[in-house]
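J.: After the structure tokens below, expect a handful of questions from me.
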Amino acid sequence: MKKIVFMTVFMVSALALFSGCATGPQTWPDNERRAENKMVVIQEKIGDGLKTGALTPDQSQMYLTTLKGIRTDYADLRDRSVYQDQWDTLNGRLNALEEEIDRALARRPARMEEPRNGDRIVALQRRIDDGRTSGRLHSTDGREFQSRLDSIRRDYLRMTEGGRYTTSDERADISRRLDSLETDLNRYR
């Protein structure tokens with residue numbers, strides 16, 4: 001009888017220990033990419049709004065300051081073991097900022113333009129993820145494409161960080177690199 005009680009207590013304790021580990025802190029690479037993509041898109045919306053006059057310089061500065069605070073929190077979470085709710089909070093703040101910017105931009109009529117680099121980065125990320133999920137991309141090709149896109153995204157974020165305006169040469173370089181990646185991805189359709 002004592003053995004049965006001991007084994008039952010042991011099994012329940014082990015189960016509680018292992019189930020607690022499953023919900024503990026861990027790294028969240030998908031959340032990192034999602035946040036990076038969202039920051040790129042928000043940065044471009046602010047820049048475009050300022051260029052077109054849909055946002056005043058004061059509004060742009062306010063949004064950039066908010067984005068800078070979110071980027072600081074992002075840097076604290078990146079590559080660390082944290083709970084999922086910390087990423088959820090950061091992504092919620094990014095969504096709220098984007099919605100606020102969208103409302104400010106909606107007051108001004110939009111003009112047709114070619115896709116922005118930030119939008120292209122997001123679209124290429126979706127294509128890579130879809131290719132990996134569907135099996136069209138082999139694991140080595142998927143890693144190579146992901147690495148190239150991550151490099152482009154980080155360079156783009158570095159260029160636009162802190163409200164710094166990119167030069168036409170910088171935008172052209174990013175666009176050229178995105179074109180090259182897109183051409184290589186088209187081979188796997």
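Chains: A, B, ... in order of the structure tokens. Residues: from 1 per chain. Ligands: from 1, in order shown.
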When you look at Asn117 (chain A) with a cut-off of 12 Å (counting only C-alpha atoms), what residues show up, excluding the ones that are within fewer than 4 positions of it in the same chain? I need them as a PDB file with N, CA, C and O atoms, in the first residue's frame.

T.:
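Final output, saved to result18.pdb:
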ATOM      1  N   ASN A  37       8.777  43.071 -38.290  1.00  0.00           N
ATOM      2  CA  ASN A  37       7.981  43.439 -39.467  1.00  0.00           C
ATOM      3  C   ASN A  37       7.061  44.613 -39.159  1.00  0.00           C
ATOM      4  O   ASN A  37       6.947  45.551 -39.945  1.00  0.00           O
ATOM      5  N   VAL A  40       8.955  47.872 -38.944  1.00  0.00           N
ATOM      6  CA  VAL A  40       9.332  48.355 -40.277  1.00  0.00           C
ATOM      7  C   VAL A  40       8.156  49.066 -40.938  1.00  0.00           C
ATOM      8  O   VAL A  40       8.282  50.172 -41.470  1.00  0.00           O
ATOM      9  N   VAL A  41       6.993  48.439 -40.887  1.00  0.00           N
ATOM     10  CA  VAL A  41       5.797  49.010 -41.513  1.00  0.00           C
ATOM     11  C   VAL A  41       5.426  50.334 -40.843  1.00  0.00           C
ATOM     12  O   VAL A  41       5.125  51.329 -41.516  1.00  0.00           O
ATOM     13  N   ILE A  42       5.467  50.368 -39.517  1.00  0.00           N
ATOM     14  CA  ILE A  42       5.122  51.596 -38.793  1.00  0.00           C
ATOM     15  C   ILE A  42       6.096  52.711 -39.128  1.00  0.00           C
ATOM     16  O   ILE A  42       5.700  53.852 -39.373  1.00  0.00           O
ATOM     17  N   GLN A  43       7.389  52.382 -39.177  1.00  0.00           N
ATOM     18  CA  GLN A  43       8.406  53.385 -39.509  1.00  0.00           C
ATOM     19  C   GLN A  43       8.138  53.992 -40.885  1.00  0.00           C
ATOM     20  O   GLN A  43       8.223  55.203 -41.064  1.00  0.00           O
ATOM     21  N   GLU A  44       7.794  53.148 -41.840  1.00  0.00           N
ATOM     22  CA  GLU A  44       7.516  53.653 -43.182  1.00  0.00           C
ATOM     23  C   GLU A  44       6.245  54.492 -43.223  1.00  0.00           C
ATOM     24  O   GLU A  44       6.191  55.492 -43.924  1.00  0.00           O
ATOM     25  N   LYS A  45       5.236  54.082 -42.491  1.00  0.00           N
ATOM     26  CA  LYS A  45       4.000  54.862 -42.465  1.00  0.00           C
ATOM     27  C   LYS A  45       4.257  56.256 -41.904  1.00  0.00           C
ATOM     28  O   LYS A  45       3.723  57.242 -42.415  1.00  0.00           O
ATOM     29  N   ASP A  48       6.258  58.189 -44.605  1.00  0.00           N
ATOM     30  CA  ASP A  48       5.395  58.542 -45.724  1.00  0.00           C
ATOM     31  C   ASP A  48       4.387  59.619 -45.337  1.00  0.00           C
ATOM     32  O   ASP A  48       4.091  60.519 -46.113  1.00  0.00           O
ATOM     33  N   GLU A 113       1.019  54.506 -54.971  1.00  0.00           N
ATOM     34  CA  GLU A 113       2.461  54.400 -55.060  1.00  0.00           C
ATOM     35  C   GLU A 113       2.826  52.945 -55.252  1.00  0.00           C
ATOM     36  O   GLU A 113       2.016  52.058 -55.032  1.00  0.00           O
ATOM     37  N   ILE A 121       9.059  43.627 -47.428  1.00  0.00           N
ATOM     38  CA  ILE A 121       9.710  42.756 -46.452  1.00  0.00           C
ATOM     39  C   ILE A 121       8.677  41.836 -45.818  1.00  0.00           C
ATOM     40  O   ILE A 121       8.887  40.623 -45.687  1.00  0.00           O
ATOM     41  N   VAL A 122       7.545  42.397 -45.440  1.00  0.00           N
ATOM     42  CA  VAL A 122       6.476  41.604 -44.826  1.00  0.00           C
ATOM     43  C   VAL A 122       5.956  40.551 -45.815  1.00  0.00           C
ATOM     44  O   VAL A 122       5.762  39.387 -45.455  1.00  0.00           O
ATOM     45  N   ALA A 123       5.744  40.944 -47.061  1.00  0.00           N
ATOM     46  CA  ALA A 123       5.238  40.003 -48.071  1.00  0.00           C
ATOM     47  C   ALA A 123       6.239  38.866 -48.328  1.00  0.00           C
ATOM     48  O   ALA A 123       5.839  37.703 -48.453  1.00  0.00           O
ATOM     49  N   LEU A 124       7.525  39.207 -48.395  1.00  0.00           N
ATOM     50  CA  LEU A 124       8.531  38.168 -48.616  1.00  0.00           C
ATOM     51  C   LEU A 124       8.624  37.239 -47.412  1.00  0.00           C
ATOM     52  O   LEU A 124       8.848  36.028 -47.571  1.00  0.00           O
ATOM     53  N   LEU A 149      16.708  37.677 -45.774  1.00  0.00           N
ATOM     54  CA  LEU A 149      15.645  38.620 -45.433  1.00  0.00           C
ATOM     55  C   LEU A 149      15.901  39.254 -44.067  1.00  0.00           C
ATOM     56  O   LEU A 149      15.692  40.457 -43.897  1.00  0.00           O
ATOM     57  N   ILE A 152      18.432  41.997 -44.542  1.00  0.00           N
ATOM     58  CA  ILE A 152      17.822  43.171 -45.181  1.00  0.00           C
ATOM     59  C   ILE A 152      16.970  43.927 -44.166  1.00  0.00           C
ATOM     60  O   ILE A 152      17.049  45.153 -44.063  1.00  0.00           O
ATOM     61  N   ARG A 153      16.151  43.191 -43.413  1.00  0.00           N
ATOM     62  CA  ARG A 153      15.267  43.819 -42.429  1.00  0.00           C
ATOM     63  C   ARG A 153      16.073  44.573 -41.374  1.00  0.00           C
ATOM     64  O   ARG A 153      15.760  45.708 -41.030  1.00  0.00           O
ATOM     65  N   ASP A 155      19.145  45.787 -41.629  1.00  0.00           N
ATOM     66  CA  ASP A 155      19.758  46.971 -42.250  1.00  0.00           C
ATOM     67  C   ASP A 155      18.724  48.074 -42.415  1.00  0.00           C
ATOM     68  O   ASP A 155      19.006  49.247 -42.172  1.00  0.00           O
ATOM     69  N   TYR A 156      17.537  47.689 -42.838  1.00  0.00           N
ATOM     70  CA  TYR A 156      16.476  48.680 -43.029  1.00  0.00           C
ATOM     71  C   TYR A 156      16.090  49.331 -41.702  1.00  0.00           C
ATOM     72  O   TYR A 156      15.935  50.550 -41.614  1.00  0.00           O
ATOM     73  N   LEU A 157      15.936  48.512 -40.665  1.00  0.00           N
ATOM     74  CA  LEU A 157      15.600  49.066 -39.348  1.00  0.00           C
ATOM     75  C   LEU A 157      16.697  49.997 -38.842  1.00  0.00           C
ATOM     76  O   LEU A 157      16.432  51.041 -38.270  1.00  0.00           O
ATOM     77  N   THR A 160      16.485  53.376 -40.639  1.00  0.00           N
ATOM     78  CA  THR A 160      15.344  54.233 -40.333  1.00  0.00           C
ATOM     79  C   THR A 160      15.173  54.475 -38.838  1.00  0.00           C
ATOM     80  O   THR A 160      14.250  55.180 -38.442  1.00  0.00           O
ATOM     81  N   THR A 166      15.940  58.026 -44.774  1.00  0.00           N
ATOM     82  CA  THR A 166      16.842  57.310 -45.658  1.00  0.00           C
ATOM     83  C   THR A 166      17.051  58.113 -46.929  1.00  0.00           C
ATOM     84  O   THR A 166      16.165  58.819 -47.392  1.00  0.00           O
ATOM     85  N   GLU A 170      20.087  54.654 -50.309  1.00  0.00           N
ATOM     86  CA  GLU A 170      19.834  53.610 -49.318  1.00  0.00           C
ATOM     87  C   GLU A 170      18.548  52.857 -49.645  1.00  0.00           C
ATOM     88  O   GLU A 170      18.506  51.630 -49.581  1.00  0.00           O
ATOM     89  N   ARG A 171      17.507  53.604 -49.995  1.00  0.00           N
ATOM     90  CA  ARG A 171      16.241  52.949 -50.356  1.00  0.00           C
ATOM     91  C   ARG A 171      16.425  52.084 -51.598  1.00  0.00           C
ATOM     92  O   ARG A 171      15.880  50.981 -51.682  1.00  0.00           O
ATOM     93  N   ALA A 172      17.207  52.571 -52.558  1.00  0.00           N
ATOM     94  CA  ALA A 172      17.451  51.812 -53.786  1.00  0.00           C
ATOM     95  C   ALA A 172      18.230  50.532 -53.482  1.00  0.00           C
ATOM     96  O   ALA A 172      17.957  49.482 -54.084  1.00  0.00           O
ATOM     97  N   ASP A 173      19.189  50.598 -52.561  1.00  0.00           N
ATOM     98  CA  ASP A 173      19.960  49.410 -52.199  1.00  0.00           C
ATOM     99  C   ASP A 173      19.063  48.354 -51.562  1.00  0.00           C
ATOM    100  O   ASP A 173      19.120  47.180 -51.926  1.00  0.00           O
ATOM    101  N   ILE A 174      18.212  48.788 -50.625  1.00  0.00           N
ATOM    102  CA  ILE A 174      17.286  47.847 -49.995  1.00  0.00           C
ATOM    103  C   ILE A 174      16.342  47.264 -51.044  1.00  0.00           C
ATOM    104  O   ILE A 174      16.095  46.057 -51.084  1.00  0.00           O
ATOM    105  N   SER A 175      15.831  48.104 -51.924  1.00  0.00           N
ATOM    106  CA  SER A 175      14.914  47.653 -52.963  1.00  0.00           C
ATOM    107  C   SER A 175      15.603  46.655 -53.898  1.00  0.00           C
ATOM    108  O   SER A 175      15.011  45.634 -54.264  1.00  0.00           O
ATOM    109  N   ARG A 176      16.845  46.924 -54.250  1.00  0.00           N
ATOM    110  CA  ARG A 176      17.605  46.028 -55.127  1.00  0.00           C
ATOM    111  C   ARG A 176      17.798  44.664 -54.454  1.00  0.00           C
ATOM    112  O   ARG A 176      17.608  43.614 -55.079  1.00  0.00           O
ATOM    113  N   ARG A 177      18.133  44.673 -53.170  1.00  0.00           N
ATOM    114  CA  ARG A 177      18.325  43.425 -52.439  1.00  0.00           C
ATOM    115  C   ARG A 177      17.010  42.656 -52.316  1.00  0.00           C
ATOM    116  O   ARG A 177      16.992  41.422 -52.410  1.00  0.00           O
ATOM    117  N   LEU A 178      15.910  43.367 -52.123  1.00  0.00           N
ATOM    118  CA  LEU A 178      14.604  42.714 -52.074  1.00  0.00           C
ATOM    119  C   LEU A 178      14.241  42.127 -53.437  1.00  0.00           C
ATOM    120  O   LEU A 178      13.680  41.030 -53.514  1.00  0.00           O
ATOM    121  N   ASP A 179      14.550  42.858 -54.518  1.00  0.00           N
ATOM    122  CA  ASP A 179      14.297  42.345 -55.874  1.00  0.00           C
ATOM    123  C   ASP A 179      15.051  41.035 -56.097  1.00  0.00           C
ATOM    124  O   ASP A 179      14.500  40.076 -56.644  1.00  0.00           O
TER     125      ASP A 179
END

J.: Could you give me, as JSON lines, a per-residue list for region 52-76 of chain A showing, wherever an atom lies at most 8 Å from an atom of region 88-110 of chain A, the closest pair of atoms and their distance in Å to one decimal, using only C-alpha atoms and sorting by chain then residue number from low to high?

T.:
{"residue": "A:Ala54", "atom": "CA", "partner": "A:Arg108", "partner_atom": "CA", "distance": 5.5}
{"residue": "A:Leu55", "atom": "CA", "partner": "A:Leu105", "partner_atom": "CA", "distance": 6.9}
{"residue": "A:Tyr63", "atom": "CA", "partner": "A:Leu97", "partner_atom": "CA", "distance": 7.5}
{"residue": "A:Thr66", "atom": "CA", "partner": "A:Leu97", "partner_atom": "CA", "distance": 7.9}
{"residue": "A:Leu67", "atom": "CA", "partner": "A:Leu97", "partner_atom": "CA", "distance": 7.9}
{"residue": "A:Ile70", "atom": "CA", "partner": "A:Leu90", "partner_atom": "CA", "distance": 7.1}
{"residue": "A:Asp73", "atom": "CA", "partner": "A:Leu90", "partner_atom": "CA", "distance": 7.6}
{"residue": "A:Tyr74", "atom": "CA", "partner": "A:Leu90", "partner_atom": "CA", "distance": 7.3}

J.: Please produce an output containing N, CA, C and O atoms for each residue in the selection, written as a compact mmCIF listing (two decimals), in the first residue's frame.

T.:
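Output contents, as saved in result-v8.txt:
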# COMPACT_ATOMS: atom_id res chain seq x y z
N ALA A 54 0.43 64.29 -44.54
CA ALA A 54 -0.70 63.75 -43.79
C ALA A 54 -0.43 63.79 -42.29
O ALA A 54 -1.35 63.82 -41.49
N LEU A 55 0.86 63.78 -41.92
CA LEU A 55 1.25 63.92 -40.51
C LEU A 55 2.07 65.19 -40.35
O LEU A 55 2.91 65.50 -41.19
N TYR A 63 4.99 59.97 -32.68
CA TYR A 63 4.91 58.56 -33.04
C TYR A 63 6.30 57.91 -33.02
O TYR A 63 6.45 56.77 -32.58
N THR A 66 7.29 57.18 -29.45
CA THR A 66 6.58 55.99 -28.97
C THR A 66 7.22 54.73 -29.55
O THR A 66 7.45 53.75 -28.84
N LEU A 67 7.52 54.76 -30.85
CA LEU A 67 8.14 53.61 -31.51
C LEU A 67 9.52 53.33 -30.92
O LEU A 67 9.91 52.18 -30.73
N ILE A 70 9.11 51.42 -27.78
CA ILE A 70 8.76 50.03 -28.07
C ILE A 70 9.99 49.27 -28.56
O ILE A 70 10.21 48.12 -28.18
N ASP A 73 12.07 48.22 -25.61
CA ASP A 73 11.49 47.05 -24.97
C ASP A 73 11.69 45.80 -25.82
O ASP A 73 11.94 44.71 -25.30
N TYR A 74 11.61 45.96 -27.15
CA TYR A 74 11.86 44.85 -28.06
C TYR A 74 13.29 44.33 -27.90
O TYR A 74 13.52 43.13 -27.82

J.: Looking only at the backbone, which of the residues in region 102-153 of chain A does DSSP tag as helix (DSSP H, G or I), as an MDAnalysis selection string?

T.: chainID A and resid 102:106 117:134 139:153

J.: Using only C-alpha atoms, can you tell me which of A:Pro29, A:Gly49, A:Gly131, A:Tyr188 comes closest to Leu77 (chain A)?

T.: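 Counting only C-alpha atoms, the residue closest to Leu77 (chain A) is A:Pro29.
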